[in-house]
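What follows is the content of my_file.cif (mmCIF, C-alpha atoms; chains and numbers go by the auth columns).
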```cif
data_target
#
loop_
_atom_site.group_PDB
_atom_site.id
_atom_site.type_symbol
_atom_site.label_atom_id
_atom_site.label_comp_id
_atom_site.label_asym_id
_atom_site.label_seq_id
_atom_site.Cartn_x
_atom_site.Cartn_y
_atom_site.Cartn_z
_atom_site.B_iso_or_equiv
_atom_site.auth_seq_id
_atom_site.auth_asym_id
ATOM 1 C CA MET A 1 6.926 -17.178 7.615 0.00 1 A
ATOM 2 C CA ILE A 2 5.733 -14.318 5.460 0.00 2 A
ATOM 3 C CA LYS A 3 7.263 -14.305 1.974 0.00 3 A
ATOM 4 C CA ALA A 4 4.531 -12.678 -0.110 0.00 4 A
ATOM 5 C CA VAL A 5 1.683 -10.200 0.261 0.00 5 A
ATOM 6 C CA ILE A 6 -1.221 -10.396 -2.184 0.00 6 A
ATOM 7 C CA PHE A 7 -3.335 -7.274 -2.482 0.00 7 A
ATOM 8 C CA ASP A 8 -6.836 -6.604 -3.696 0.00 8 A
ATOM 9 C CA LEU A 9 -6.861 -3.670 -6.157 0.00 9 A
ATOM 10 C CA ASP A 10 -9.983 -1.474 -5.938 0.00 10 A
ATOM 11 C CA GLY A 11 -10.284 0.148 -2.528 0.00 11 A
ATOM 12 C CA THR A 12 -7.022 -1.383 -1.300 0.00 12 A
ATOM 13 C CA VAL A 13 -4.147 -0.399 -3.580 0.00 13 A
ATOM 14 C CA CYS A 14 -5.940 2.174 -5.728 0.00 14 A
ATOM 15 C CA ASP A 15 -8.695 4.679 -5.129 0.00 15 A
ATOM 16 C CA THR A 16 -10.967 3.780 -8.032 0.00 16 A
ATOM 17 C CA LEU A 17 -14.419 4.550 -6.643 0.00 17 A
ATOM 18 C CA SER A 18 -14.944 7.641 -8.773 0.00 18 A
ATOM 19 C CA THR A 19 -13.611 5.719 -11.794 0.00 19 A
ATOM 20 C CA ILE A 20 -16.049 2.839 -11.376 0.00 20 A
ATOM 21 C CA ALA A 21 -18.952 5.212 -10.687 0.00 21 A
ATOM 22 C CA HIS A 22 -18.060 7.375 -13.691 0.00 22 A
ATOM 23 C CA TYR A 23 -18.023 4.478 -16.155 0.00 23 A
ATOM 24 C CA GLY A 24 -21.026 2.839 -14.535 0.00 24 A
ATOM 25 C CA ASN A 25 -23.061 6.030 -14.797 0.00 25 A
ATOM 26 C CA THR A 26 -21.791 6.749 -18.315 0.00 26 A
ATOM 27 C CA ALA A 27 -23.069 3.336 -19.397 0.00 27 A
ATOM 28 C CA LEU A 28 -26.389 3.824 -17.611 0.00 28 A
ATOM 29 C CA GLU A 29 -27.028 7.303 -18.998 0.00 29 A
ATOM 30 C CA TYR A 30 -26.118 6.199 -22.517 0.00 30 A
ATOM 31 C CA ASN A 31 -28.847 3.577 -22.201 0.00 31 A
ATOM 32 C CA GLY A 32 -31.527 5.860 -20.798 0.00 32 A
ATOM 33 C CA PHE A 33 -31.075 5.515 -17.026 0.00 33 A
ATOM 34 C CA ASP A 34 -30.195 8.220 -14.517 0.00 34 A
ATOM 35 C CA ALA A 35 -26.838 8.293 -12.763 0.00 35 A
ATOM 36 C CA ILE A 36 -26.577 6.509 -9.411 0.00 36 A
ATOM 37 C CA PRO A 37 -24.929 8.274 -6.410 0.00 37 A
ATOM 38 C CA GLN A 38 -21.244 7.435 -6.167 0.00 38 A
ATOM 39 C CA ASP A 39 -21.420 5.975 -2.655 0.00 39 A
ATOM 40 C CA ASN A 40 -23.712 3.195 -3.895 0.00 40 A
ATOM 41 C CA TYR A 41 -20.817 1.888 -5.958 0.00 41 A
ATOM 42 C CA LYS A 42 -18.950 1.012 -2.740 0.00 42 A
ATOM 43 C CA TYR A 43 -21.383 -1.883 -2.424 0.00 43 A
ATOM 44 C CA PHE A 44 -21.936 -2.528 -6.125 0.00 44 A
ATOM 45 C CA ALA A 45 -18.215 -3.211 -6.660 0.00 45 A
ATOM 46 C CA GLY A 46 -16.129 -6.090 -5.309 0.00 46 A
ATOM 47 C CA ASP A 47 -17.671 -9.145 -6.967 0.00 47 A
ATOM 48 C CA GLY A 48 -16.458 -8.383 -10.479 0.00 48 A
ATOM 49 C CA LYS A 49 -17.838 -6.504 -13.460 0.00 49 A
ATOM 50 C CA ILE A 50 -20.769 -8.804 -14.183 0.00 50 A
ATOM 51 C CA GLU A 51 -22.208 -8.531 -10.693 0.00 51 A
ATOM 52 C CA LEU A 52 -21.483 -4.788 -10.675 0.00 52 A
ATOM 53 C CA ILE A 53 -23.681 -4.276 -13.729 0.00 53 A
ATOM 54 C CA HIS A 54 -26.415 -6.539 -12.380 0.00 54 A
ATOM 55 C CA ARG A 55 -26.477 -4.452 -9.186 0.00 55 A
ATOM 56 C CA MET A 56 -26.608 -1.209 -11.156 0.00 56 A
ATOM 57 C CA LEU A 57 -29.608 -2.469 -13.097 0.00 57 A
ATOM 58 C CA ARG A 58 -31.311 -3.923 -10.016 0.00 58 A
ATOM 59 C CA TYR A 59 -31.220 -0.407 -8.573 0.00 59 A
ATOM 60 C CA TYR A 60 -33.793 0.414 -11.270 0.00 60 A
ATOM 61 C CA ASN A 61 -35.553 -2.978 -11.223 0.00 61 A
ATOM 62 C CA ALA A 62 -34.337 -3.315 -14.803 0.00 62 A
ATOM 63 C CA ASP A 63 -31.971 -6.276 -14.643 0.00 63 A
ATOM 64 C CA ASN A 64 -32.787 -8.244 -17.767 0.00 64 A
ATOM 65 C CA GLU A 65 -30.627 -9.752 -20.492 0.00 65 A
ATOM 66 C CA GLU A 66 -31.206 -6.986 -23.028 0.00 66 A
ATOM 67 C CA ASN A 67 -30.359 -4.168 -20.624 0.00 67 A
ATOM 68 C CA PHE A 68 -27.371 -6.065 -19.262 0.00 68 A
ATOM 69 C CA LYS A 69 -25.828 -6.570 -22.701 0.00 69 A
ATOM 70 C CA ARG A 70 -26.300 -2.923 -23.673 0.00 70 A
ATOM 71 C CA VAL A 71 -24.905 -1.527 -20.431 0.00 71 A
ATOM 72 C CA GLU A 72 -21.986 -3.976 -20.351 0.00 72 A
ATOM 73 C CA LYS A 73 -20.997 -3.108 -23.920 0.00 73 A
ATOM 74 C CA LYS A 74 -20.852 0.617 -23.170 0.00 74 A
ATOM 75 C CA TYR A 75 -19.145 0.088 -19.812 0.00 75 A
ATOM 76 C CA ASP A 76 -16.393 -2.044 -21.387 0.00 76 A
ATOM 77 C CA PHE A 77 -15.907 0.350 -24.291 0.00 77 A
ATOM 78 C CA GLU A 78 -15.466 3.396 -22.077 0.00 78 A
ATOM 79 C CA TYR A 79 -13.378 1.718 -19.360 0.00 79 A
ATOM 80 C CA GLU A 80 -10.944 0.182 -21.826 0.00 80 A
ATOM 81 C CA LYS A 81 -10.385 3.562 -23.536 0.00 81 A
ATOM 82 C CA ASP A 82 -8.968 5.085 -20.335 0.00 82 A
ATOM 83 C CA SER A 83 -8.548 2.580 -17.531 0.00 83 A
ATOM 84 C CA ILE A 84 -6.811 5.059 -15.195 0.00 84 A
ATOM 85 C CA PHE A 85 -9.401 7.860 -15.349 0.00 85 A
ATOM 86 C CA GLU A 86 -9.332 9.516 -11.895 0.00 86 A
ATOM 87 C CA SER A 87 -7.608 6.444 -10.402 0.00 87 A
ATOM 88 C CA ARG A 88 -4.629 6.850 -8.096 0.00 88 A
ATOM 89 C CA PRO A 89 -2.727 4.868 -5.485 0.00 89 A
ATOM 90 C CA PHE A 90 -3.868 5.499 -1.927 0.00 90 A
ATOM 91 C CA ASP A 91 -1.478 7.590 0.137 0.00 91 A
ATOM 92 C CA GLY A 92 1.306 5.440 1.539 0.00 92 A
ATOM 93 C CA ILE A 93 0.866 2.484 -0.829 0.00 93 A
ATOM 94 C CA VAL A 94 3.923 3.207 -2.967 0.00 94 A
ATOM 95 C CA GLU A 95 6.074 3.628 0.141 0.00 95 A
ATOM 96 C CA LEU A 96 4.702 0.373 1.547 0.00 96 A
ATOM 97 C CA LEU A 97 5.562 -1.559 -1.609 0.00 97 A
ATOM 98 C CA LEU A 98 9.075 -0.100 -1.749 0.00 98 A
ATOM 99 C CA ASN A 99 9.661 -0.992 1.895 0.00 99 A
ATOM 100 C CA LEU A 100 8.368 -4.535 1.425 0.00 100 A
ATOM 101 C CA LYS A 101 10.701 -4.998 -1.503 0.00 101 A
ATOM 102 C CA LYS A 102 13.623 -3.843 0.652 0.00 102 A
ATOM 103 C CA ILE A 103 13.001 -6.639 3.159 0.00 103 A
ATOM 104 C CA GLY A 104 12.575 -9.289 0.484 0.00 104 A
ATOM 105 C CA ILE A 105 8.776 -9.611 0.466 0.00 105 A
ATOM 106 C CA LYS A 106 7.200 -10.434 -2.890 0.00 106 A
ATOM 107 C CA THR A 107 3.982 -8.641 -3.825 0.00 107 A
ATOM 108 C CA ALA A 108 1.050 -9.303 -6.132 0.00 108 A
ATOM 109 C CA VAL A 109 -2.365 -7.951 -7.098 0.00 109 A
ATOM 110 C CA PHE A 110 -5.416 -10.170 -7.402 0.00 110 A
ATOM 111 C CA SER A 111 -8.655 -8.476 -8.421 0.00 111 A
ATOM 112 C CA ASN A 112 -12.134 -9.485 -9.516 0.00 112 A
ATOM 113 C CA LYS A 113 -11.893 -6.698 -12.086 0.00 113 A
ATOM 114 C CA PRO A 114 -11.423 -8.106 -15.626 0.00 114 A
ATOM 115 C CA ASP A 115 -7.811 -9.133 -16.204 0.00 115 A
ATOM 116 C CA ASN A 116 -7.179 -6.814 -19.157 0.00 116 A
ATOM 117 C CA VAL A 117 -8.342 -3.730 -17.252 0.00 117 A
ATOM 118 C CA THR A 118 -6.545 -4.806 -14.066 0.00 118 A
ATOM 119 C CA VAL A 119 -3.236 -5.213 -15.886 0.00 119 A
ATOM 120 C CA MET A 120 -3.646 -1.925 -17.790 0.00 120 A
ATOM 121 C CA LEU A 121 -4.447 -0.009 -14.611 0.00 121 A
ATOM 122 C CA VAL A 122 -1.636 -1.492 -12.539 0.00 122 A
ATOM 123 C CA ASN A 123 0.944 -1.097 -15.306 0.00 123 A
ATOM 124 C CA LYS A 124 0.005 2.521 -15.960 0.00 124 A
ATOM 125 C CA ILE A 125 -0.052 3.844 -12.421 0.00 125 A
ATOM 126 C CA MET A 126 1.815 1.178 -10.432 0.00 126 A
ATOM 127 C CA GLY A 127 4.203 -0.173 -13.032 0.00 127 A
ATOM 128 C CA GLY A 128 7.180 -2.030 -11.575 0.00 128 A
ATOM 129 C CA PHE A 129 5.888 -2.234 -8.023 0.00 129 A
ATOM 130 C CA PHE A 130 4.305 -5.708 -8.193 0.00 130 A
ATOM 131 C CA ASP A 131 5.869 -9.049 -9.067 0.00 131 A
ATOM 132 C CA VAL A 132 2.575 -10.503 -10.342 0.00 132 A
ATOM 133 C CA CYS A 133 -0.746 -8.965 -11.378 0.00 133 A
ATOM 134 C CA HIS A 134 -3.913 -10.961 -12.075 0.00 134 A
ATOM 135 C CA GLY A 135 -7.489 -9.874 -12.671 0.00 135 A
ATOM 136 C CA LYS A 136 -10.490 -12.088 -13.349 0.00 136 A
ATOM 137 C CA ARG A 137 -9.580 -14.658 -15.969 0.00 137 A
ATOM 138 C CA ASP A 138 -12.006 -16.890 -17.823 0.00 138 A
ATOM 139 C CA ASN A 139 -10.394 -20.121 -16.654 0.00 139 A
ATOM 140 C CA ILE A 140 -10.095 -19.194 -12.949 0.00 140 A
ATOM 141 C CA PRO A 141 -13.017 -18.565 -10.555 0.00 141 A
ATOM 142 C CA LYS A 142 -13.283 -15.110 -9.019 0.00 142 A
ATOM 143 C CA LYS A 143 -12.660 -14.372 -5.361 0.00 143 A
ATOM 144 C CA PRO A 144 -13.449 -15.675 -2.775 0.00 144 A
ATOM 145 C CA ASP A 145 -12.572 -18.932 -4.542 0.00 145 A
ATOM 146 C CA PRO A 146 -8.957 -19.727 -3.559 0.00 146 A
ATOM 147 C CA GLU A 147 -7.779 -20.967 -6.969 0.00 147 A
ATOM 148 C CA GLY A 148 -6.528 -17.568 -8.179 0.00 148 A
ATOM 149 C CA VAL A 149 -4.438 -17.103 -5.044 0.00 149 A
ATOM 150 C CA PHE A 150 -2.963 -20.578 -5.429 0.00 150 A
ATOM 151 C CA CYS A 151 -1.955 -19.681 -8.998 0.00 151 A
ATOM 152 C CA ILE A 152 -0.308 -16.466 -7.840 0.00 152 A
ATOM 153 C CA ALA A 153 1.624 -18.285 -5.098 0.00 153 A
ATOM 154 C CA ASP A 154 2.897 -20.753 -7.704 0.00 154 A
ATOM 155 C CA GLU A 155 3.930 -17.902 -9.986 0.00 155 A
ATOM 156 C CA LEU A 156 5.714 -16.168 -7.107 0.00 156 A
ATOM 157 C CA LYS A 157 7.348 -19.499 -6.207 0.00 157 A
ATOM 158 C CA VAL A 158 6.263 -19.338 -2.581 0.00 158 A
ATOM 159 C CA ASN A 159 4.238 -21.725 -0.435 0.00 159 A
ATOM 160 C CA ILE A 160 0.629 -20.661 0.023 0.00 160 A
ATOM 161 C CA GLU A 161 1.011 -20.700 3.819 0.00 161 A
ATOM 162 C CA ASP A 162 3.722 -18.036 3.487 0.00 162 A
ATOM 163 C CA CYS A 163 1.289 -15.562 1.884 0.00 163 A
ATOM 164 C CA ILE A 164 -0.951 -12.891 3.389 0.00 164 A
ATOM 165 C CA PHE A 165 -4.015 -11.446 1.655 0.00 165 A
ATOM 166 C CA VAL A 166 -4.840 -7.751 2.043 0.00 166 A
ATOM 167 C CA GLY A 167 -8.192 -6.259 1.102 0.00 167 A
ATOM 168 C CA ASP A 168 -11.047 -3.930 1.990 0.00 168 A
ATOM 169 C CA THR A 169 -14.120 -6.201 1.780 0.00 169 A
ATOM 170 C CA ASN A 170 -15.512 -9.416 3.208 0.00 170 A
ATOM 171 C CA ILE A 171 -14.792 -10.987 -0.183 0.00 171 A
ATOM 172 C CA ASP A 172 -11.072 -10.480 0.408 0.00 172 A
ATOM 173 C CA ILE A 173 -11.194 -11.788 3.969 0.00 173 A
ATOM 174 C CA ASN A 174 -13.150 -14.843 2.847 0.00 174 A
ATOM 175 C CA THR A 175 -10.632 -15.408 0.058 0.00 175 A
ATOM 176 C CA ALA A 176 -7.870 -15.606 2.658 0.00 176 A
ATOM 177 C CA LYS A 177 -9.940 -17.934 4.843 0.00 177 A
ATOM 178 C CA ASN A 178 -10.615 -20.217 1.879 0.00 178 A
ATOM 179 C CA CYS A 179 -6.851 -20.356 1.263 0.00 179 A
ATOM 180 C CA LYS A 180 -6.214 -20.919 4.988 0.00 180 A
ATOM 181 C CA ILE A 181 -3.856 -17.930 5.115 0.00 181 A
ATOM 182 C CA ARG A 182 -3.785 -14.775 7.225 0.00 182 A
ATOM 183 C CA SER A 183 -5.761 -11.700 6.216 0.00 183 A
ATOM 184 C CA ILE A 184 -5.374 -7.967 6.727 0.00 184 A
ATOM 185 C CA GLY A 185 -8.417 -5.748 6.324 0.00 185 A
ATOM 186 C CA VAL A 186 -7.948 -2.080 5.388 0.00 186 A
ATOM 187 C CA LEU A 187 -10.212 0.769 6.485 0.00 187 A
ATOM 188 C CA TRP A 188 -9.531 3.258 3.674 0.00 188 A
ATOM 189 C CA GLY A 189 -11.485 1.326 1.052 0.00 189 A
ATOM 190 C CA PHE A 190 -15.087 0.649 0.084 0.00 190 A
ATOM 191 C CA ARG A 191 -16.377 -1.016 3.270 0.00 191 A
ATOM 192 C CA ASP A 192 -16.291 -0.493 7.039 0.00 192 A
ATOM 193 C CA LYS A 193 -14.678 -2.069 10.082 0.00 193 A
ATOM 194 C CA LYS A 194 -17.796 -4.035 11.032 0.00 194 A
ATOM 195 C CA GLU A 195 -17.801 -5.871 7.706 0.00 195 A
ATOM 196 C CA LEU A 196 -14.143 -6.787 8.075 0.00 196 A
ATOM 197 C CA THR A 197 -14.564 -7.830 11.706 0.00 197 A
ATOM 198 C CA ASP A 198 -17.659 -9.891 10.975 0.00 198 A
ATOM 199 C CA ALA A 199 -15.802 -11.628 8.147 0.00 199 A
ATOM 200 C CA GLY A 200 -13.034 -12.615 10.576 0.00 200 A
ATOM 201 C CA ALA A 201 -10.092 -10.484 9.454 0.00 201 A
ATOM 202 C CA ASP A 202 -6.959 -11.459 11.364 0.00 202 A
ATOM 203 C CA TYR A 203 -5.767 -7.862 11.559 0.00 203 A
ATOM 204 C CA ILE A 204 -7.332 -4.517 10.600 0.00 204 A
ATOM 205 C CA VAL A 205 -5.321 -1.415 9.712 0.00 205 A
ATOM 206 C CA SER A 206 -6.084 2.237 9.079 0.00 206 A
ATOM 207 C CA SER A 207 -2.861 3.077 7.197 0.00 207 A
ATOM 208 C CA PRO A 208 -0.454 1.266 4.835 0.00 208 A
ATOM 209 C CA SER A 209 2.415 1.770 7.274 0.00 209 A
ATOM 210 C CA GLU A 210 0.604 -0.508 9.723 0.00 210 A
ATOM 211 C CA ILE A 211 0.786 -3.307 7.152 0.00 211 A
ATOM 212 C CA TYR A 212 4.555 -2.907 7.007 0.00 212 A
ATOM 213 C CA ASP A 213 4.797 -2.921 10.803 0.00 213 A
ATOM 214 C CA TYR A 214 2.734 -6.121 10.942 0.00 214 A
ATOM 215 C CA ILE A 215 4.883 -7.831 8.307 0.00 215 A
ATOM 216 C CA VAL A 216 8.117 -6.911 10.066 0.00 216 A
ATOM 217 C CA LYS A 217 6.778 -8.105 13.423 0.00 217 A
ATOM 218 C CA ASN A 218 5.458 -11.404 12.057 0.00 218 A
ATOM 219 C CA LYS A 219 7.795 -12.081 9.128 0.00 219 A
ATOM 220 C CA ASN A 220 9.579 -15.007 10.728 0.00 220 A
ATOM 221 C CA ARG A 221 6.635 -16.436 12.623 0.00 221 A
ATOM 222 C CA GLU A 222 5.969 -20.051 11.710 0.00 222 A
#
```
What's the structure tokens form of this structure?
Amino acid sequence: MIKAVIFDLDGTVCDTLSTIAHYGNTALEYNGFDAIPQDNYKYFAGDGKIELIHRMLRYYNADNEENFKRVEKKYDFEYEKDSIFESRPFDGIVELLLNLKKIGIKTAVFSNKPDNVTVMLVNKIMGGFFDVCHGKRDNIPKKPDPEGVFCIADELKVNIEDCIFVGDTNIDINTAKNCKIRSIGVLWGFRDKKELTDAGADYIVSSPSEIYDYIVKNKNRE
């Protein structure tokens, strides 16, 4: 059965590409580097803040401890001042969540973005739509490790096999595979269909309404 849907955040629930690029480039420019084109951040993001900053610095062959600490400090400072800068839900996401609630499906967010920023962002622009919201916490490995999803299932009081994971990258699909649950890949996010197909997504959608249709069709499937 399907009792819960767990969503990735960046590129799945919320359009945050310009947000991530803005704060990434703000931190780089503050520390003497040029801005990086926004599209590069589609591939810099996804593995959490630490890897994001390493990738930004590798772009300039400047990934060392001193540069990392300086860029991370500025990135955190700016992002935490205004976590919703230019961020918005993708078209159809709010309607999807409302419709899932109507048919008794629980929903959650699980992101590799730091937990404090994840919670601030979701509460400010998606407040009340999710039953549980987790970002990267110090005591839980980041995706694609399954532990965070197991914790969310426990908090939702559902069996892990009754959950589906929805995301826009191979990290999300591999998270679902590591949990041995079904996955839905979305095409409006940071990556393309080939990445999702190669990762083994069970189903790929081009609009949020297709997620609802899939849930309704498969809700009672054992």
Subject >> Expansion of the PyMOL selection byres ((chain A and resi 197-211) around 7) into residues, as number ranges by chain >> reply: A: 92-93, 96, 170, 173-174, 182-188, 193-196, 212-215
**OP:** Mind checking which residues fall within 10 Å of Lys180 in chain A, counting all atoms listed in the file, ignoring those fewer than 4 positions away in the same chain, and posting them as a PyMOL selection string?
**Re:** chain A and resi 146+160-161+163-164+174-176
**OP:** Identify the residues around (-19.4, 6.9, -8.9) within a radius of 10 Å, measuring from all atoms listed in the file in the coordinates stated by the file, and give them as a PyMOL selection string.
**Re:** chain A and resi 16-26+35-42
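Point (6.8, -17.8, -9.4) has the following residues at most 12 Å away: Lys3, Ala4, Lys106, Thr107, Ala108, Asp131, Val132, Cys133, Phe150, Cys151, Ile152, Ala153, Asp154, Glu155, Leu156, Lys157, Val158, Asn159 and Ile160 of chain A (atoms considered: all atoms listed in the file).
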Subject >> Output check: residues returned by the PyMOL selection byres ((chain A and resi 89) around 9), as a ChimeraX atom specification >> reply: /A:12-16,87-88,90-94,125-126
**OP:** For Tyr79 in chain A, list every protein, DNA or RNA residue within 9 Å, evaluated using all atoms listed in the file, and leave out those in the same chain fewer than 3 positions away; present the list as a list in words.
**Re:** Thr19, Ile20, Tyr23, Lys74, Tyr75, Asp76, Asp82, Ser83, Ile84, Phe85 and Val117 of chain A
Limited to C-alpha atoms, could you put the picked residues into a file as a short mmCIF file (atom, residue, chain, number, x, y, z; two decimals), in the frame of the given file?
```cif
data_model
loop_
_atom_site.label_atom_id
_atom_site.label_comp_id
_atom_site.auth_asym_id
_atom_site.auth_seq_id
_atom_site.Cartn_x
_atom_site.Cartn_y
_atom_site.Cartn_z
CA THR A 19 -13.61 5.72 -11.79
CA ILE A 20 -16.05 2.84 -11.38
CA TYR A 23 -18.02 4.48 -16.16
CA LYS A 74 -20.85 0.62 -23.17
CA TYR A 75 -19.14 0.09 -19.81
CA ASP A 76 -16.39 -2.04 -21.39
CA ASP A 82 -8.97 5.08 -20.34
CA SER A 83 -8.55 2.58 -17.53
CA ILE A 84 -6.81 5.06 -15.20
CA PHE A 85 -9.40 7.86 -15.35
CA VAL A 117 -8.34 -3.73 -17.25
#
```
**OP:** Calculate how many Å separate CA of Glu147 in chain A from CA of Val71 in chain A, rounding to one decimal.
**Re:**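 Atom-to-atom, CA of Glu147 in chain A to CA of Val71 in chain A, that is 29.2 Å.
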**OP:** Would you mind telling me which residue in A:Glu72, A:Met1, A:Val216, A:Glu65 lies nearest to Ile50 in chain A when using all atoms listed in the file?
**Re:**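 The answer is A:Glu72, which sits nearest to Ile50 in chain A.
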**OP:** Within 9 Å of Gly148 in chain A, counting only C-alpha atoms, which residues show up once you throw out same-chain ones fewer than 6 positions away? Write them as a PyMOL selection string, please.
**Re:** chain A and resi 110+134-137+140-142
Could you save those same residues with C-alpha atoms as a PDB file, keeping the file's coordinate frame?
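part06.pdb written:
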```pdb
ATOM      1  CA  PHE A 110      -5.416 -10.170  -7.402  1.00  0.00           C
ATOM      2  CA  HIS A 134      -3.913 -10.961 -12.075  1.00  0.00           C
ATOM      3  CA  GLY A 135      -7.489  -9.874 -12.671  1.00  0.00           C
ATOM      4  CA  LYS A 136     -10.490 -12.088 -13.349  1.00  0.00           C
ATOM      5  CA  ARG A 137      -9.580 -14.658 -15.969  1.00  0.00           C
ATOM      6  CA  ILE A 140     -10.095 -19.194 -12.949  1.00  0.00           C
ATOM      7  CA  PRO A 141     -13.017 -18.565 -10.555  1.00  0.00           C
ATOM      8  CA  LYS A 142     -13.283 -15.110  -9.019  1.00  0.00           C
TER       9      LYS A 142
END
```
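Restricting the calculation to all atoms listed in the file, the smallest distance between Leu121 in chain A and any of A:Lys102, A:Arg55, A:Lys81, A:Lys177 is found for A:Lys81.
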